[in-house]
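A.B. asks: Structure in structure tokens, see below.
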Amino acid sequence: MSRPPPPPAAGAAWARQAERSSVPVMRFMVWLSLTLGRQLSRMVLHGIAAYFLLFSPKAGRASRAYLQRILGRPPTLAERYRHILTFATSIHDRIYFLNGRFDLFDVEVHGLEHVEAHMSTGRGTLLFGAHLGSFEVLRAVGHRHATQRVCMLMHAENARKINQVLAAINPEASQDILPLGQLDSMLQLRDRLDGGQLVGVLADRNPGESGVRNLPFLGSPAPFPNGPFRLAALLQRPVLFMSGTWQGGRRYRVELSPLADFTGVEPRERAAAIARAQEAYAALLESHCRQAPYNWFNFFDFWSDPRSRSDRPAP
């Protein structure tokens with residue numbers, strides 16, 4: 001008798017969860033948001049947040065466990081609701097960022113000089129973000145400061161789903177997604193970087209192919225993917241950490257800070273350089289979570305990935 005397959009790892013299960021919203025629903029929300037405006041259409045978000053608080057127990061348990069870690073005590077019902085509402089707000093505001101409505105927001109930017117320093121050399125830069133706040137707010141920074149457009153790098157199936165959503169919001173935005181896993185993916189990535197573009201990577205989730213490394217995070221070891229750091233080392237590129245957190249109302253805060261620079265790193269030094277970059281990433285992410293605790297949106301048990309089989313640096 002053959003053994004049943006092992007249960008999916010928590011870090012990969014997020015990628016296989018069923019989509020709760022269809023493209024027609026998204027198109028309706030886009031129409032509603034652009035027709036009514038941000039203030040009126042935000043009223044819908046409260047009902048959505050209440051629904052998920054009451055009827056999404058798995059995500060609710062993960063939210064409660066994370067908030068207890070970050071707050072140092074069990075969260076109140078109002079705090080759990082605020083966490084979900086912050087997530088809904090970031091999704092809602094994506095509609096406006098992707099449609100160029102930057103005038104609706106007050107975006108405070110810190111660390112832009114790090115981007116400008118790298119861009120002045122003519123070589124592109126990797127931006128390692130997380131499921132923390134909104135990555136799309138960086139479009140507002142580019143609009144104001146005339147920096148290059150940011151391309152998002154993600155695995156092919158996720159890229160397909162995201163492109164469906166982007167096409168519903170703004171068809172022109174779909175070209176900003178670069179899928180991994182195709183024959184020419186690495187060539188396209190290298191060409192974009194050589195052309196001086198910024199390439200964004202959400203480096204706090206593991207899709208299952210590249211392995212993970214356990215690192216201290218909010219009081220316990222948590223699995224962080226090796227893949228993004230191996231990629232940066234292989235391409236020998238500088239890496240910045242990027243976050244764009246919602247501060248309430250129409251206010252967002254963008255922070256860009258140096259994370260690692262793999263330029264000129266020799267192969268024998270690569271493993272140590274990757275290890276330092278991973279440790280710096282986990283520390284920066286924890287710091288940003290503590291500054292804006294309701295902005296981290298990993299609604300699954302981030303600490304219990306059974307594939308977390310090694311604490312050793314990625315080779």
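If you're wondering about the labels, chains in the structure tokens are A, B, ... by order shown, residues count from 1 in each chain, ligands from 1 in order shown.
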Need to verify the contact set: Asp194 in chain A, 7 Å, only C-alpha atoms, exclusion of same-chain residues closer than 3 positions in sequence. Can you return it as an MDAnalysis selection string?
C.D. replies: chainID A and resid 123:124 190:191
A.B. asks: Per DSSP on the backbone, filter range 162-278 of chain A down to the residues in alpha helix (DSSP H) and report them as a PyMOL selection string.
C.D. replies: chain A and resi 162-169+185-194+227-235+270-278
A.B. asks: Please determine, counting only C-alpha atoms, which residue among A:Arg61, A:Arg139, A:Arg270, A:His92 has the shortest atom-to-atom distance to Gly37 in chain A.
C.D. replies: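 Of A:Arg61, A:Arg139, A:Arg270, A:His92, the one nearest Gly37 in chain A, counting only C-alpha atoms, is A:His92.
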A.B. asks: In Å, how far is it from CA of Ser63 in chain A to CA of Glu108 in chain A?
C.D. replies: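 Going from CA of Ser63 in chain A over to CA of Glu108 in chain A covers 27.1 Å.
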A.B. asks: Tell me which protein, DNA and RNA residues are within 12 Å of Thr89 in chain A, counting only C-alpha atoms, leaving out same-chain ones fewer than 3 positions away, and put them as JSON, numbers by chain.
C.D. replies: {"A": [33, 38, 39, 41, 42, 43, 44, 45, 46, 48, 49, 82, 83, 84, 85, 86, 92, 93, 94, 95, 96, 133, 134, 245, 246, 247, 248, 249, 250, 251, 252, 294, 295, 297]}
A.B. asks: As an MDAnalysis selection string, please: the residues near Pro216 in chain A (cut-off 10 Å, only C-alpha atoms, same-chain neighbours under 2 positions excluded).
C.D. replies: chainID A and resid 214 218:224 279 282:283 286
A.B. asks: Find, counting only C-alpha atoms, the residue in A:Ser287, A:Gln188, A:Gln182, A:Gln278 that gets nearest to Pro225 in chain A.
C.D. replies: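 Ranking A:Ser287, A:Gln188, A:Gln182, A:Gln278 by distance to Pro225 in chain A, first place goes to A:Gln278.
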A.B. asks: When distances are computed from only C-alpha atoms, which of A:Phe299, A:Phe97, A:Phe229, A:Phe102 shows the smallest separation from Ile169 in chain A?
C.D. replies: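 So, comparing all the options, the nearest one is A:Phe97.
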A.B. asks: Applying 7 Å and only C-alpha atoms, which residues near Leu256 in chain A remain after dropping the ones on its own chain fewer than 3 positions away? List them as a ChimeraX atom specification.
C.D. replies: /A:110-112,240-243
A.B. asks: Based on the selection just made, write N, CA and C atoms of those residues as a short mmCIF file (atom, residue, chain, number, x, y, z; two decimals), in the first residue's frame.
C.D. replies:
```cif
data_model
loop_
_atom_site.label_atom_id
_atom_site.label_comp_id
_atom_site.auth_asym_id
_atom_site.auth_seq_id
_atom_site.Cartn_x
_atom_site.Cartn_y
_atom_site.Cartn_z
N HIS A 110 11.61 57.93 2.59
CA HIS A 110 12.90 57.96 3.27
C HIS A 110 13.85 57.01 2.55
N GLY A 111 15.06 57.47 2.26
CA GLY A 111 16.08 56.62 1.67
C GLY A 111 16.13 56.62 0.17
N LEU A 112 15.47 57.59 -0.48
CA LEU A 112 15.49 57.63 -1.94
C LEU A 112 16.91 57.83 -2.46
N LEU A 240 18.38 46.55 -2.09
CA LEU A 240 17.82 47.45 -1.10
C LEU A 240 16.60 46.79 -0.47
N PHE A 241 16.37 47.06 0.81
CA PHE A 241 15.13 46.65 1.47
C PHE A 241 14.11 47.77 1.27
N MET A 242 12.87 47.39 0.91
CA MET A 242 11.84 48.37 0.64
C MET A 242 10.57 48.04 1.41
N SER A 243 9.97 49.03 2.02
CA SER A 243 8.65 48.86 2.64
C SER A 243 7.81 50.09 2.33
#
```
A.B. asks: Just give me the gap between CA of Ser120 in chain A and CA of Glu266 in chain A in Å, one decimal is fine.
C.D. replies: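 Separating CA of Ser120 in chain A from CA of Glu266 in chain A is a distance of 24.2 Å.
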A.B. asks: What's around Met152 in chain A at 9 Å? Count only C-alpha atoms, leave out sequence neighbours fewer than 2 positions away in its own chain, and write the answer as a PyMOL selection string.
C.D. replies: chain A and resi 150+154+159+176-179+198-202
A.B. asks: Taking N, CA and C atoms for each residue, export the selection above as a tab-separated table (two decimals), in the first residue's frame.
C.D. replies:
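And here's part-v9.tsv as it stands now:
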```tsv
chain	number	residue	atom	x	y	z
A	150	VAL	N	9.20	50.13	-11.66
A	150	VAL	CA	9.60	48.91	-10.96
A	150	VAL	C	8.94	47.70	-11.61
A	154	MET	N	8.18	37.30	-9.93
A	154	MET	CA	7.45	36.30	-9.15
A	154	MET	C	7.30	35.02	-9.96
A	159	ALA	N	2.36	34.90	-11.04
A	159	ALA	CA	2.36	35.97	-12.02
A	159	ALA	C	1.10	35.94	-12.88
A	176	ASP	N	4.36	44.91	-16.08
A	176	ASP	CA	5.34	45.10	-15.03
A	176	ASP	C	5.64	43.83	-14.26
A	177	ILE	N	5.07	42.70	-14.65
A	177	ILE	CA	5.30	41.43	-13.98
A	177	ILE	C	6.24	40.58	-14.82
A	178	LEU	N	7.33	40.12	-14.22
A	178	LEU	CA	8.27	39.23	-14.89
A	178	LEU	C	8.18	37.86	-14.24
A	179	PRO	N	7.65	36.84	-14.96
A	179	PRO	CA	7.48	35.52	-14.35
A	179	PRO	C	8.78	34.72	-14.33
A	198	LEU	N	14.60	48.91	-11.87
A	198	LEU	CA	14.45	48.39	-10.52
A	198	LEU	C	13.58	47.14	-10.60
A	199	VAL	N	13.99	46.08	-9.92
A	199	VAL	CA	13.24	44.83	-9.93
A	199	VAL	C	12.87	44.47	-8.50
A	200	GLY	N	11.58	44.36	-8.24
A	200	GLY	CA	11.09	44.08	-6.89
A	200	GLY	C	10.85	42.60	-6.67
A	201	VAL	N	11.19	42.13	-5.49
A	201	VAL	CA	10.99	40.73	-5.09
A	201	VAL	C	10.40	40.73	-3.68
A	202	LEU	N	9.31	39.98	-3.47
A	202	LEU	CA	8.77	39.79	-2.13
A	202	LEU	C	9.47	38.57	-1.54
```
A.B. asks: By how many Å are CA of Thr121 in chain A and CA of Gly195 in chain A apart?
C.D. replies: 11.0 Å
A.B. asks: Find the spatial neighbours of Leu234 in chain A, counting only C-alpha atoms, within a cut-off of 12 Å - ignore same-chain residues fewer than 5 positions away - and output them as a PyMOL selection string.
C.D. replies: chain A and resi 186+189-190+227-229+261-267+269-271+273-274+315
A.B. asks: Could you give me the residues within range 54-287 of chain A that DSSP places in strand (DSSP E or B), as number ranges by chain?
C.D. replies: A: 106-110, 125-129, 132-133, 150-155, 177-180, 198-202, 212-217, 220-225, 238-248, 251-261
A.B. asks: With only C-alpha atoms as the atoms that count, which of A:Leu132, A:Pro24, A:Ala50, A:Ala62 lies nearest to Ser304 in chain A?
C.D. replies: A:Ala62
